[in-house]
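Novice: Take a look at entry.txt, compact mmCIF, C-alpha atoms:
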# COMPACT_ATOMS: atom_id res chain seq x y z
CA MET A 1 -18.55 -19.51 -7.26
CA LYS A 2 -17.86 -18.16 -3.77
CA SER A 3 -14.72 -16.71 -2.19
CA GLN A 4 -13.94 -14.98 1.07
CA VAL A 5 -11.90 -12.32 -0.74
CA LEU A 6 -12.21 -11.44 -4.43
CA ILE A 7 -9.08 -9.70 -5.75
CA ILE A 8 -9.28 -7.69 -8.96
CA GLY A 9 -5.87 -7.44 -10.61
CA GLY A 10 -3.20 -10.09 -11.09
CA GLY A 11 -0.16 -7.85 -10.71
CA PRO A 12 2.27 -8.02 -7.80
CA SER A 13 0.00 -6.38 -5.21
CA GLY A 14 -2.98 -8.61 -5.95
CA LEU A 15 -0.84 -11.74 -6.05
CA LEU A 16 0.97 -10.80 -2.82
CA LEU A 17 -2.34 -10.27 -1.01
CA SER A 18 -3.64 -13.61 -2.30
CA GLN A 19 -0.48 -15.42 -1.22
CA LEU A 20 -0.46 -13.87 2.27
CA LEU A 21 -4.14 -14.68 2.80
CA HIS A 22 -3.66 -18.26 1.58
CA ARG A 23 -0.99 -18.87 4.21
CA LYS A 24 -3.53 -17.86 6.86
CA GLY A 25 -6.19 -20.19 5.46
CA ILE A 26 -8.24 -17.38 3.88
CA ASN A 27 -9.63 -18.17 0.43
CA SER A 28 -9.25 -15.76 -2.46
CA VAL A 29 -9.85 -15.60 -6.21
CA VAL A 30 -7.81 -13.30 -8.47
CA LEU A 31 -9.28 -11.82 -11.66
CA GLU A 32 -6.79 -10.53 -14.25
CA ARG A 33 -7.78 -8.66 -17.42
CA LYS A 34 -4.73 -9.77 -19.43
CA THR A 35 -2.75 -12.98 -19.86
CA LYS A 36 -0.03 -14.10 -17.50
CA GLU A 37 2.54 -13.55 -20.26
CA TYR A 38 1.36 -9.97 -20.73
CA VAL A 39 1.65 -9.20 -17.02
CA LEU A 40 5.15 -10.66 -16.89
CA GLY A 41 6.14 -8.67 -19.96
CA ARG A 42 5.53 -5.31 -18.32
CA ILE A 43 8.76 -3.46 -17.50
CA ARG A 44 8.55 -1.82 -14.09
CA ALA A 45 10.76 -0.59 -11.25
CA GLY A 46 12.87 -2.76 -9.06
CA ILE A 47 13.77 -0.92 -5.84
CA LEU A 48 12.22 -2.67 -2.84
CA GLU A 49 11.91 -1.13 0.60
CA THR A 50 12.63 -3.09 3.76
CA GLY A 51 8.92 -3.47 4.46
CA PHE A 52 8.25 -4.96 1.02
CA VAL A 53 11.14 -7.40 1.41
CA ASN A 54 9.76 -8.52 4.78
CA LEU A 55 6.30 -9.06 3.27
CA MET A 56 7.82 -11.27 0.57
CA ARG A 57 9.50 -13.31 3.29
CA GLU A 58 6.27 -13.57 5.28
CA ALA A 59 4.53 -14.75 2.11
CA GLY A 60 7.15 -17.49 1.67
CA VAL A 61 8.32 -16.25 -1.73
CA ALA A 62 11.65 -14.63 -0.91
CA ALA A 63 14.15 -17.43 -1.63
CA ARG A 64 15.16 -16.29 -5.13
CA MET A 65 14.95 -12.62 -4.19
CA ASP A 66 17.28 -13.12 -1.23
CA LYS A 67 19.71 -15.06 -3.42
CA GLU A 68 19.76 -12.81 -6.51
CA CYS A 69 18.96 -9.29 -5.32
CA PHE A 70 21.45 -6.45 -5.04
CA VAL A 71 21.64 -4.81 -1.62
CA HIS A 72 21.98 -1.03 -1.84
CA ASP A 73 23.28 0.84 1.18
CA GLY A 74 23.08 4.30 -0.39
CA THR A 75 22.63 6.44 -3.47
CA VAL A 76 24.50 9.17 -5.34
CA ILE A 77 22.95 12.62 -5.77
CA SER A 78 24.40 15.06 -8.28
CA TYR A 79 23.36 18.53 -9.39
CA GLY A 80 25.61 20.46 -11.72
CA ASP A 81 29.05 20.44 -10.08
CA THR A 82 27.65 19.17 -6.76
CA GLN A 83 27.96 15.45 -6.10
CA PHE A 84 27.61 13.43 -2.89
CA GLU A 85 26.43 10.10 -1.53
CA ILE A 86 23.73 9.45 1.06
CA ASN A 87 24.51 6.34 3.09
CA PHE A 88 21.27 4.60 4.05
CA LYS A 89 22.98 2.08 6.31
CA GLU A 90 24.72 4.80 8.29
CA HIS A 91 21.57 6.86 8.80
CA THR A 92 18.94 4.14 9.28
CA GLY A 93 20.72 0.84 9.87
CA SER A 94 18.81 -0.49 6.85
CA HIS A 95 18.98 -0.63 3.06
CA VAL A 96 16.95 -1.23 -0.08
CA VAL A 97 17.33 -4.08 -2.54
CA VAL A 98 17.26 -4.12 -6.33
CA TYR A 99 15.06 -6.93 -7.63
CA GLY A 100 12.91 -6.31 -10.68
CA GLN A 101 9.14 -6.12 -10.38
CA THR A 102 8.89 -8.70 -13.17
CA GLU A 103 10.85 -11.14 -11.01
CA VAL A 104 8.67 -10.36 -7.97
CA THR A 105 5.58 -11.10 -10.07
CA ARG A 106 7.09 -14.28 -11.49
CA ASP A 107 7.90 -15.59 -8.00
CA LEU A 108 4.37 -14.81 -6.81
CA TYR A 109 2.76 -16.54 -9.80
CA GLU A 110 4.86 -19.65 -9.20
CA ALA A 111 3.89 -19.70 -5.53
CA ARG A 112 0.18 -19.27 -6.22
CA GLU A 113 0.23 -21.95 -8.89
CA ALA A 114 2.13 -24.35 -6.62
CA MET A 115 -0.52 -23.87 -3.94
CA GLY A 116 -3.44 -24.22 -6.34
CA GLY A 117 -4.36 -20.55 -6.20
CA ASN A 118 -7.37 -19.58 -8.30
CA ILE A 119 -6.28 -16.98 -10.88
CA ILE A 120 -8.62 -16.28 -13.79
CA PHE A 121 -7.08 -14.55 -16.82
CA ASN A 122 -8.58 -12.71 -19.80
CA THR A 123 -11.53 -11.41 -17.81
CA GLU A 124 -13.75 -8.77 -19.40
CA ASP A 125 -16.65 -6.57 -18.24
CA VAL A 126 -15.65 -6.89 -14.59
CA THR A 127 -18.33 -5.23 -12.46
CA ILE A 128 -18.51 -4.87 -8.69
CA HIS A 129 -22.02 -5.11 -7.26
CA ASP A 130 -23.40 -4.15 -3.84
CA ALA A 131 -20.00 -3.14 -2.47
CA ASP A 132 -21.74 -1.06 0.20
CA SER A 133 -23.70 -4.07 1.48
CA ASP A 134 -22.81 -7.14 3.52
CA ALA A 135 -23.05 -9.35 0.43
CA PRO A 136 -20.96 -7.95 -2.43
CA TYR A 137 -20.46 -9.91 -5.62
CA VAL A 138 -18.53 -9.49 -8.86
CA THR A 139 -19.54 -10.41 -12.37
CA TYR A 140 -17.19 -10.84 -15.32
CA SER A 141 -17.08 -12.56 -18.66
CA THR A 142 -14.64 -14.92 -20.34
CA ASP A 143 -15.05 -16.24 -23.88
CA GLY A 144 -18.44 -14.55 -24.10
CA THR A 145 -19.83 -16.25 -20.98
CA THR A 146 -20.82 -14.23 -17.89
CA HIS A 147 -19.78 -15.51 -14.46
CA ARG A 148 -20.54 -14.44 -10.90
CA ILE A 149 -18.45 -14.70 -7.73
CA ASP A 150 -20.04 -14.03 -4.34
CA CYS A 151 -17.60 -12.85 -1.71
CA GLU A 152 -17.26 -11.15 1.65
CA PHE A 153 -14.74 -8.52 0.56
CA VAL A 154 -13.38 -7.09 -2.70
CA ALA A 155 -9.77 -5.88 -3.02
CA GLY A 156 -9.26 -3.54 -5.96
CA CYS A 157 -5.66 -4.03 -7.11
CA ASP A 158 -6.44 -3.21 -10.74
CA GLY A 159 -4.43 -0.04 -11.29
CA PHE A 160 -5.22 3.54 -12.17
CA HIS A 161 -7.48 2.64 -15.12
CA GLY A 162 -9.29 -0.24 -13.40
CA VAL A 163 -12.93 -0.52 -12.41
CA SER A 164 -12.46 -0.56 -8.65
CA ARG A 165 -11.95 3.14 -7.99
CA GLN A 166 -14.68 4.05 -10.47
CA THR A 167 -17.12 1.90 -8.47
CA ILE A 168 -16.96 4.34 -5.54
CA PRO A 169 -19.54 7.10 -6.19
CA LEU A 170 -18.23 10.57 -6.98
CA THR A 171 -20.32 11.87 -4.10
CA ILE A 172 -18.06 9.88 -1.76
CA ARG A 173 -14.58 9.87 -3.28
CA LYS A 174 -12.36 12.89 -3.66
CA GLU A 175 -9.34 12.93 -5.94
CA TYR A 176 -6.15 14.98 -5.62
CA GLU A 177 -3.84 15.24 -8.61
CA LYS A 178 -0.75 17.02 -9.86
CA LEU A 179 0.46 16.51 -13.43
CA TYR A 180 4.12 17.24 -14.17
CA PRO A 181 5.11 19.02 -17.41
CA PHE A 182 7.58 16.35 -18.52
CA GLY A 183 8.06 12.61 -18.78
CA TRP A 184 10.82 10.03 -18.36
CA LEU A 185 12.32 8.35 -21.40
CA GLY A 186 13.66 5.02 -20.21
CA ILE A 187 15.71 2.29 -21.88
CA LEU A 188 16.71 -1.19 -20.83
CA SER A 189 20.06 -2.43 -22.14
CA GLU A 190 22.12 -5.57 -21.74
CA THR A 191 25.09 -3.64 -20.36
CA PRO A 192 26.78 -3.58 -16.94
CA PRO A 193 25.57 -0.82 -14.59
CA VAL A 194 27.70 2.30 -14.61
CA HIS A 195 27.87 2.31 -10.79
CA ASP A 196 27.06 -0.07 -7.95
CA GLU A 197 24.53 2.41 -6.50
CA LEU A 198 21.79 4.43 -8.19
CA ILE A 199 22.69 7.89 -9.49
CA TYR A 200 20.05 10.65 -9.31
CA SER A 201 21.35 13.54 -11.39
CA GLY A 202 20.03 17.04 -12.02
CA SER A 203 21.60 19.22 -14.70
CA ASP A 204 20.92 22.27 -16.79
CA ARG A 205 19.72 19.88 -19.51
CA GLY A 206 17.28 18.07 -17.21
CA PHE A 207 17.12 15.06 -14.92
CA ALA A 208 18.75 11.64 -15.40
CA LEU A 209 18.73 8.39 -13.44
CA CYS A 210 21.17 5.49 -13.65
CA SER A 211 19.71 2.26 -12.31
CA MET A 212 20.02 -1.47 -12.92
CA ARG A 213 18.27 -4.83 -12.81
CA ASN A 214 21.27 -7.10 -12.42
CA GLU A 215 25.01 -7.19 -13.14
CA SER A 216 24.43 -7.30 -16.91
CA LEU A 217 21.12 -5.48 -17.30
CA SER A 218 20.87 -1.71 -16.82
CA ARG A 219 17.96 0.72 -16.70
CA TYR A 220 18.54 4.40 -17.56
CA TYR A 221 16.18 7.37 -17.72
CA ILE A 222 16.29 10.96 -18.90
CA GLN A 223 13.71 13.71 -18.45
CA CYS A 224 12.00 14.45 -21.76
CA SER A 225 9.15 16.43 -23.25
CA LEU A 226 5.65 15.00 -23.01
CA SER A 227 5.36 15.56 -26.76
CA ASP A 228 8.28 13.20 -27.44
CA SER A 229 7.83 9.67 -28.74
CA PRO A 230 10.29 6.83 -28.11
CA ASP A 231 10.72 6.71 -31.89
CA ASP A 232 12.09 10.27 -31.78
CA TRP A 233 15.12 8.98 -29.87
CA THR A 234 17.70 6.71 -31.45
CA ASP A 235 19.85 4.71 -29.06
CA ASP A 236 22.87 6.85 -29.93
CA ALA A 237 20.93 10.06 -29.22
CA PHE A 238 19.82 8.70 -25.86
CA TRP A 239 23.34 7.71 -24.79
CA ARG A 240 24.77 11.06 -25.85
CA GLU A 241 22.15 12.93 -23.84
CA LEU A 242 22.55 10.71 -20.78
CA LYS A 243 26.30 11.33 -20.75
CA ARG A 244 25.69 15.09 -20.79
CA ARG A 245 23.49 14.87 -17.68
CA ILE A 246 25.51 12.68 -15.32
CA PRO A 247 28.85 13.40 -13.60
CA ARG A 248 31.89 13.12 -15.87
CA GLU A 249 33.47 10.28 -13.90
CA PHE A 250 30.43 8.10 -14.66
CA ALA A 251 29.90 9.35 -18.22
CA ASP A 252 33.48 8.39 -19.09
CA LYS A 253 33.00 4.76 -18.03
CA LEU A 254 29.39 4.27 -19.21
CA VAL A 255 29.05 1.12 -21.31
CA THR A 256 26.49 1.61 -24.07
CA GLY A 257 24.67 -0.86 -26.26
CA PRO A 258 21.41 -1.53 -28.13
CA SER A 259 18.23 -0.94 -26.16
CA ILE A 260 15.98 -3.96 -25.66
CA GLU A 261 13.09 -1.81 -24.41
CA LYS A 262 12.37 1.90 -24.77
CA SER A 263 9.36 3.81 -23.46
CA ILE A 264 8.19 7.18 -22.12
CA ALA A 265 6.28 7.48 -18.86
CA PRO A 266 4.38 10.64 -17.88
CA LEU A 267 4.72 11.80 -14.27
CA ARG A 268 1.83 12.44 -11.94
CA SER A 269 0.99 12.59 -8.25
CA PHE A 270 -2.48 11.26 -7.48
CA VAL A 271 -4.45 10.20 -4.40
CA THR A 272 -8.08 9.26 -3.96
CA GLU A 273 -9.86 9.32 -0.63
CA PRO A 274 -11.24 7.22 0.96
CA MET A 275 -9.56 3.94 0.06
CA ARG A 276 -12.52 1.93 1.35
CA TRP A 277 -16.18 1.97 0.47
CA GLY A 278 -18.27 -0.63 2.27
CA ARG A 279 -16.59 -3.94 1.56
CA LEU A 280 -14.47 -2.65 -1.31
CA PHE A 281 -10.84 -1.75 -0.61
CA LEU A 282 -8.51 0.05 -3.02
CA CYS A 283 -4.83 -0.91 -3.14
CA GLY A 284 -1.82 0.43 -5.02
CA ASP A 285 -2.29 2.35 -8.26
CA ALA A 286 -6.06 2.00 -7.98
CA ALA A 287 -5.84 4.54 -5.15
CA HIS A 288 -2.64 6.49 -5.67
CA ILE A 289 0.19 7.26 -8.10
CA VAL A 290 3.60 8.76 -7.34
CA PRO A 291 6.29 10.08 -9.68
CA PRO A 292 9.00 7.44 -10.11
CA THR A 293 11.58 9.72 -8.44
CA GLY A 294 12.39 7.90 -5.20
CA ALA A 295 10.99 4.49 -6.26
CA LYS A 296 7.78 4.51 -4.22
CA GLY A 297 5.19 3.13 -6.66
CA LEU A 298 5.39 -0.60 -5.94
CA ASN A 299 6.39 0.06 -2.35
CA THR A 300 3.31 2.13 -1.57
CA ALA A 301 1.20 -0.72 -2.97
CA ALA A 302 3.00 -3.07 -0.59
CA SER A 303 2.15 -0.91 2.42
CA ASP A 304 -1.53 -1.04 1.41
CA ILE A 305 -1.32 -4.82 1.22
CA HIS A 306 0.24 -4.90 4.69
CA TYR A 307 -2.64 -2.97 6.24
CA LEU A 308 -5.36 -4.84 4.34
CA TYR A 309 -3.89 -8.29 4.89
CA ASN A 310 -3.52 -7.75 8.62
CA GLY A 311 -7.02 -6.27 8.85
CA LEU A 312 -8.57 -9.22 7.02
CA GLU A 313 -6.62 -11.72 9.13
CA GLN A 314 -7.87 -9.98 12.28
CA TYR A 315 -11.44 -10.14 10.96
CA PHE A 316 -11.47 -13.77 9.84
CA GLU A 317 -9.48 -15.18 12.77
CA ASP A 318 -10.83 -13.09 15.65
CA GLY A 319 -14.04 -11.56 14.34
CA ASP A 320 -12.52 -8.12 15.02
CA SER A 321 -13.20 -5.48 12.36
CA GLU A 322 -10.88 -2.80 13.81
CA GLY A 323 -8.17 -3.43 11.18
CA ILE A 324 -10.45 -3.20 8.16
CA ASP A 325 -12.40 -0.30 9.67
CA ARG A 326 -9.18 1.70 9.97
CA TYR A 327 -7.64 0.49 6.70
CA SER A 328 -8.19 3.69 4.75
CA GLU A 329 -7.01 5.89 7.62
CA LYS A 330 -3.80 3.92 8.16
CA ALA A 331 -2.99 3.48 4.49
CA LEU A 332 -3.55 7.14 3.60
CA ALA A 333 -1.44 8.39 6.51
CA ARG A 334 1.57 6.59 5.05
CA ILE A 335 0.67 7.28 1.42
CA TRP A 336 0.67 11.05 1.84
CA LYS A 337 4.16 10.91 3.36
CA ALA A 338 5.37 8.89 0.37
CA GLU A 339 3.65 11.35 -1.96
CA ARG A 340 5.49 14.22 -0.25
CA PHE A 341 8.86 12.51 -0.61
CA SER A 342 8.32 11.70 -4.30
CA TRP A 343 7.04 15.21 -5.03
CA ALA A 344 9.92 16.87 -3.16
CA THR A 345 12.60 14.73 -4.82
CA THR A 346 11.08 15.40 -8.24
CA ASN A 347 11.11 19.14 -7.58
CA LEU A 348 14.68 18.94 -6.30
CA LEU A 349 16.30 17.57 -9.47
CA HIS A 350 14.13 18.28 -12.52
CA ARG A 351 14.04 21.27 -14.83
CA PHE A 352 10.62 22.91 -14.99
CA PRO A 353 9.30 25.24 -17.70
CA LYS A 354 9.59 28.94 -16.87
CA GLN A 355 12.08 28.43 -14.05
CA ASN A 356 13.90 31.72 -13.60
CA GLU A 357 17.35 32.36 -12.13
CA PHE A 358 15.92 32.74 -8.64
CA ASP A 359 14.17 29.37 -8.90
CA LEU A 360 17.39 27.69 -9.99
CA LYS A 361 19.31 29.28 -7.11
CA MET A 362 16.71 27.93 -4.67
CA GLN A 363 16.99 24.49 -6.24
CA GLN A 364 20.78 24.60 -5.85
CA ALA A 365 20.40 25.77 -2.24
CA ASP A 366 18.11 22.81 -1.49
CA VAL A 367 20.67 20.39 -2.97
CA ASN A 368 23.49 22.04 -1.00
CA PHE A 369 21.50 21.83 2.22
CA LEU A 370 20.95 18.10 1.65
CA ARG A 371 24.66 17.68 0.92
CA ASP A 372 25.84 19.57 4.03
CA ASN A 373 23.23 18.67 6.65
CA ARG A 374 23.40 15.28 8.34
CA GLU A 375 19.84 15.55 9.68
CA ALA A 376 18.50 16.27 6.18
CA GLN A 377 20.33 13.23 4.83
CA SER A 378 18.87 11.14 7.65
CA VAL A 379 15.34 12.23 6.72
CA PHE A 380 16.02 11.44 3.05
CA ALA A 381 17.42 8.01 3.97
CA GLN A 382 14.47 7.19 6.26
CA ASN A 383 12.04 7.95 3.46
CA TYR A 384 14.04 6.10 0.82
CA VAL A 385 14.39 2.82 2.72
CA GLY A 386 10.74 3.09 3.70
CA LEU A 387 8.86 4.57 6.63
CA PRO A 388 7.59 2.00 9.15
CA TYR A 389 4.13 0.51 8.63
Once more with this new file: its structure as structure tokens, please.

Specialist:
Amino acid sequence: MKSQVLIIGGGPSGLLLSQLLHRKGINSVVLERKTKEYVLGRIRAGILETGFVNLMREAGVAARMDKECFVHDGTVISYGDTQFEINFKEHTGSHVVVYGQTEVTRDLYEAREAMGGNIIFNTEDVTIHDADSDAPYVTYSTDGTTHRIDCEFVAGCDGFHGVSRQTIPLTIRKEYEKLYPFGWLGILSETPPVHDELIYSGSDRGFALCSMRNESLSRYYIQCSLSDSPDDWTDDAFWRELKRRIPREFADKLVTGPSIEKSIAPLRSFVTEPMRWGRLFLCGDAAHIVPPTGAKGLNTAASDIHYLYNGLEQYFEDGDSEGIDRYSEKALARIWKAERFSWATTNLLHRFPKQNEFDLKMQQADVNFLRDNREAQSVFAQNYVGLPY
């Protein structure tokens, strides 16, 4: 089999790249390690930046998103007795939308299937060969049979644990990482959201986040110990703790109910450089991870897809390699800014081990500065809605 672009990973970033390329007449094949049902069963974030929304529209898959999404013009920040709202619309003229990653992925699968897109599931032993040559190829197996796909370029959209990043020799790639000493315990419940905007809350008991998926499906998180297990937390214990960490006006009207999903996610900041080796390009979690504070994970993947898609279009339509040659440079310039925002927001609102009274006073001062300074709020809003590509 031959393909112009071989995409490893059938999540939203790989599917979005395949869909965008298809609309420009560029052939691609997507390899996915799991089943379609497994991919759609993964619970992920749902805050989409303006740039991501525009990419969905360019890909021709935005009809349901535009109809069903929630537009968010701001967010609530609280820290102890301090509480204020940052208005994105006022500071940037833009907004974010709430539309679950599962729904994004579902829309992309439907579009690729409607257009006859080639997606191969249940692939094993995926191996990238000759990525540093002009003739890369990928081998994989399904049902015990080995297959080969020759291609011009390989896009690694296969996540942090995928094969793509590991293909780049250690003599070439350099990795930067920060592990945080806590995790997020999250639950999904069939309850109405407690507020029409997200609530980011810091307290002396730790961080909490109130989010949503739709008008009857809510997503809540609390900072927890890395040694905790979801089984350690009953639903009642979770709701009690959440109420202790958010402002009283929201705690008093919080609607609780049985959780339909409960999990703990560790927090890390991670970047690998470069994001290109020969004809192999890394996208999304294969190249970088951000803490979920600030909702940048899926959105940073989208910015990678923007740069790679435009570079490949430039190459195949005009024979100009400038876009792909500068892919890593452009992608990393934006990624590090998103990493800074996620790191700073995490540090702003979480409780860290061994924080002393001085540290807590500095944390409060940072929150107060954000509350009182219009320019600081503008910077926060610009980062939250998404820096330009």

Novice: So which one's closest to Val98 of chain A, A:Ser164, A:Thr139, A:Ser218, A:Thr82? Using all atoms listed in the file, please.

Specialist: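 Among A:Ser164, A:Thr139, A:Ser218, A:Thr82, it is A:Ser218 that comes nearest to Val98 of chain A.
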
Novice: Nearest residue to Ala155 of chain A out of A:His288, A:Arg279, A:Lys337, A:Arg57, using all atoms listed in the file?

Specialist: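 Closest to Ala155 of chain A of all the choices is A:Arg279.
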
Novice: Taking (22.6, 12.7, 7.4) in the file's own coordinates, collect the residues within 10 Å, counting only C-alpha atoms, and hand them back as a list in words.

Specialist: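 Result, sorted by chain then residue number: Ile86, Asn87, Phe88, Glu90, His91, Thr92, Leu370, Arg371, Asp372, Asn373, Arg374, Glu375, Ala376, Gln377, Ser378, Val379, Phe380, Ala381 and Gln382 of chain A.
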
Novice: What would the file look like if the residues just selected were written as a compact mmCIF listing (two decimals), in the frame of the given file with C-alpha atoms?

Specialist:
# COMPACT_ATOMS: atom_id res chain seq x y z
CA ILE A 86 23.73 9.45 1.06
CA ASN A 87 24.51 6.34 3.09
CA PHE A 88 21.27 4.60 4.05
CA GLU A 90 24.72 4.80 8.29
CA HIS A 91 21.57 6.86 8.80
CA THR A 92 18.94 4.14 9.28
CA LEU A 370 20.95 18.10 1.65
CA ARG A 371 24.66 17.68 0.92
CA ASP A 372 25.84 19.57 4.03
CA ASN A 373 23.23 18.67 6.65
CA ARG A 374 23.40 15.28 8.34
CA GLU A 375 19.84 15.55 9.68
CA ALA A 376 18.50 16.27 6.18
CA GLN A 377 20.33 13.23 4.83
CA SER A 378 18.87 11.14 7.65
CA VAL A 379 15.34 12.23 6.72
CA PHE A 380 16.02 11.44 3.05
CA ALA A 381 17.42 8.01 3.97
CA GLN A 382 14.47 7.19 6.26

Novice: Between atom CA of Asp320 of chain A and atom CA of Ile335 of chain A, measure the distance and give it in Å to one decimal.

Specialist: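 Pair atom CA of Asp320 of chain A / atom CA of Ile335 of chain A returns 24.4 Å.
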
Novice: What does the distance between atom CA of Val71 of chain A and atom CA of Pro258 of chain A come to in Å, to one decimal place?

Specialist: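 Atom CA of Pro258 of chain A lies at a distance of 26.7 Å from atom CA of Val71 of chain A.
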
Novice: Could you state the separation of atom CA of Ser18 of chain A and atom CA of Val5 of chain A in Å, given to one decimal place?

Specialist: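 Between atom CA of Ser18 of chain A and atom CA of Val5 of chain A the gap works out to 8.5 Å.
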
Novice: Identify, on the basis of only C-alpha atoms, every residue whose closest approach to segment 242-255 of chain A does not exceed 10 Å; exclude the query and any residue fewer than 6 positions from it along the same chain; express the result as a PyMOL selection string.

Specialist: chain A and resi 77-83+189-195+199-210+218+220-223+236

Novice: Could you give me, as JSON lines, every segment 128-224 of chain A residue with an atom at most 7 Å from segment 260-271 of chain A, plus its closest atom pair and distance in Å to one decimal, counting all atoms listed in the file, rows ordered by chain then number?

Specialist:
{"residue": "A:Glu175", "atom": "CA", "partner": "A:Val271", "partner_atom": "CA", "distance": 5.8}
{"residue": "A:Tyr176", "atom": "CA", "partner": "A:Val271", "partner_atom": "CA", "distance": 5.2}
{"residue": "A:Glu177", "atom": "CA", "partner": "A:Phe270", "partner_atom": "CA", "distance": 4.4}
{"residue": "A:Lys178", "atom": "CA", "partner": "A:Ser269", "partner_atom": "CA", "distance": 5.0}
{"residue": "A:Leu179", "atom": "CA", "partner": "A:Arg268", "partner_atom": "CA", "distance": 4.5}
{"residue": "A:Tyr180", "atom": "CA", "partner": "A:Leu267", "partner_atom": "CA", "distance": 5.5}
{"residue": "A:Phe182", "atom": "CA", "partner": "A:Pro266", "partner_atom": "CA", "distance": 6.6}
{"residue": "A:Gly183", "atom": "CA", "partner": "A:Pro266", "partner_atom": "CA", "distance": 4.3}
{"residue": "A:Trp184", "atom": "CA", "partner": "A:Ala265", "partner_atom": "CA", "distance": 5.2}
{"residue": "A:Leu185", "atom": "CA", "partner": "A:Ile264", "partner_atom": "CA", "distance": 4.4}
{"residue": "A:Gly186", "atom": "CA", "partner": "A:Ser263", "partner_atom": "CA", "distance": 5.5}
{"residue": "A:Ile187", "atom": "CA", "partner": "A:Lys262", "partner_atom": "CA", "distance": 4.4}
{"residue": "A:Leu188", "atom": "CA", "partner": "A:Glu261", "partner_atom": "CA", "distance": 5.1}
{"residue": "A:Ser189", "atom": "CA", "partner": "A:Ile260", "partner_atom": "CA", "distance": 5.6}

Novice: Those residues you just picked out, can you put them in a file as an mmCIF file, keeping the file's coordinate frame with C-alpha atoms?

Specialist:
data_model
loop_
_atom_site.group_PDB
_atom_site.id
_atom_site.type_symbol
_atom_site.label_atom_id
_atom_site.label_comp_id
_atom_site.auth_asym_id
_atom_site.auth_seq_id
_atom_site.Cartn_x
_atom_site.Cartn_y
_atom_site.Cartn_z
ATOM 1 C CA GLU A 175 -9.340 12.930 -5.940
ATOM 2 C CA TYR A 176 -6.150 14.980 -5.620
ATOM 3 C CA GLU A 177 -3.840 15.240 -8.610
ATOM 4 C CA LYS A 178 -0.750 17.020 -9.860
ATOM 5 C CA LEU A 179 0.460 16.510 -13.430
ATOM 6 C CA TYR A 180 4.120 17.240 -14.170
ATOM 7 C CA PHE A 182 7.580 16.350 -18.520
ATOM 8 C CA GLY A 183 8.060 12.610 -18.780
ATOM 9 C CA TRP A 184 10.820 10.030 -18.360
ATOM 10 C CA LEU A 185 12.320 8.350 -21.400
ATOM 11 C CA GLY A 186 13.660 5.020 -20.210
ATOM 12 C CA ILE A 187 15.710 2.290 -21.880
ATOM 13 C CA LEU A 188 16.710 -1.190 -20.830
ATOM 14 C CA SER A 189 20.060 -2.430 -22.140
#

Novice: Around segment 179-191 of chain A, with edges along x, y and z and 5 Å added on all six sides, what centre and edge lengths do you get, in Å to one decimal, as JSON?

Specialist:
{"center_x": 12.8, "center_y": 6.7, "center_z": -17.8, "size_x": 34.6, "size_y": 34.6, "size_z": 18.7}

Novice: What lies within 10 Å of Leu308 of chain A using all atoms listed in the file, ignoring chain neighbours under 6 positions off, as a ChimeraX atom specification?

Specialist: /A:17,155,281-283,302,314,323-328,330-331

Novice: May I ask which of the residues A:Ser28, A:Thr272, A:Ser3, A:Thr346 is the closest one to Lys174 of chain A, counting all atoms listed in the file?

Specialist: A:Thr272

Novice: Pick the closest to Leu16 of chain A from A:Val97, A:Val138, A:Ile120, A:Cys157: which is it, counting all atoms listed in the file?

Specialist: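 Result for the nearest residue to Leu16 of chain A: A:Cys157.
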
Novice: Pick from A:Asp285, A:Glu357, A:Asp231, A:Glu152: nearest to Phe316 of chain A, with all atoms listed in the file counted?

Specialist: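 Nearest candidate to Phe316 of chain A out of A:Asp285, A:Glu357, A:Asp231, A:Glu152: A:Glu152.
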
Novice: What lies within 8 Å of segment 30-42 of chain A using only C-alpha atoms, ignoring chain neighbours under 2 positions off, as a list in words?

Specialist: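 After dropping sequence-adjacent residues, the list is Leu6, Ile7, Ile8, Gly9, Gly10, Gly11, Gly14, Leu15, Ser18, Ser28, Arg44, Thr102, Thr105, Arg106, Asn118, Ile119, Ile120, Phe121, Asn122, Thr123 and Glu124 of chain A.
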
Novice: May I have the residues within 10 Å of Arg64 of chain A as a PyMOL selection string, using only C-alpha atoms and disregarding those fewer than 5 positions away in the same chain?

Specialist: chain A and resi 69+99+103-104+107

Novice: Would you mind exporting C-alpha atoms of the selected residues as a short mmCIF file (atom, residue, chain, number, x, y, z; two decimals), in the frame of the given file?

Specialist:
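Contents of the output file out-v1.cif:
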data_model
loop_
_atom_site.label_atom_id
_atom_site.label_comp_id
_atom_site.auth_asym_id
_atom_site.auth_seq_id
_atom_site.Cartn_x
_atom_site.Cartn_y
_atom_site.Cartn_z
CA CYS A 69 18.96 -9.29 -5.32
CA TYR A 99 15.06 -6.93 -7.63
CA GLU A 103 10.85 -11.14 -11.01
CA VAL A 104 8.67 -10.36 -7.97
CA ASP A 107 7.90 -15.59 -8.00
#

Novice: Would you pick out the contacts of Asp134 of chain A at 12 Å or less, using all atoms listed in the file, so that residues sharing its chain but fewer than 6 positions from it are not included, and give the list as a list in words?

Specialist: Asp150, Cys151, Glu152, Phe153, Val154, Trp277, Gly278, Arg279 and Leu280 of chain A

Novice: With distances taken over only C-alpha atoms, which residue among A:Ala59, A:Met65, A:Ala237, A:Ala338 lies nearest Val290 of chain A?

Specialist: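 Selected residue with least distance to Val290 of chain A: A:Ala338.
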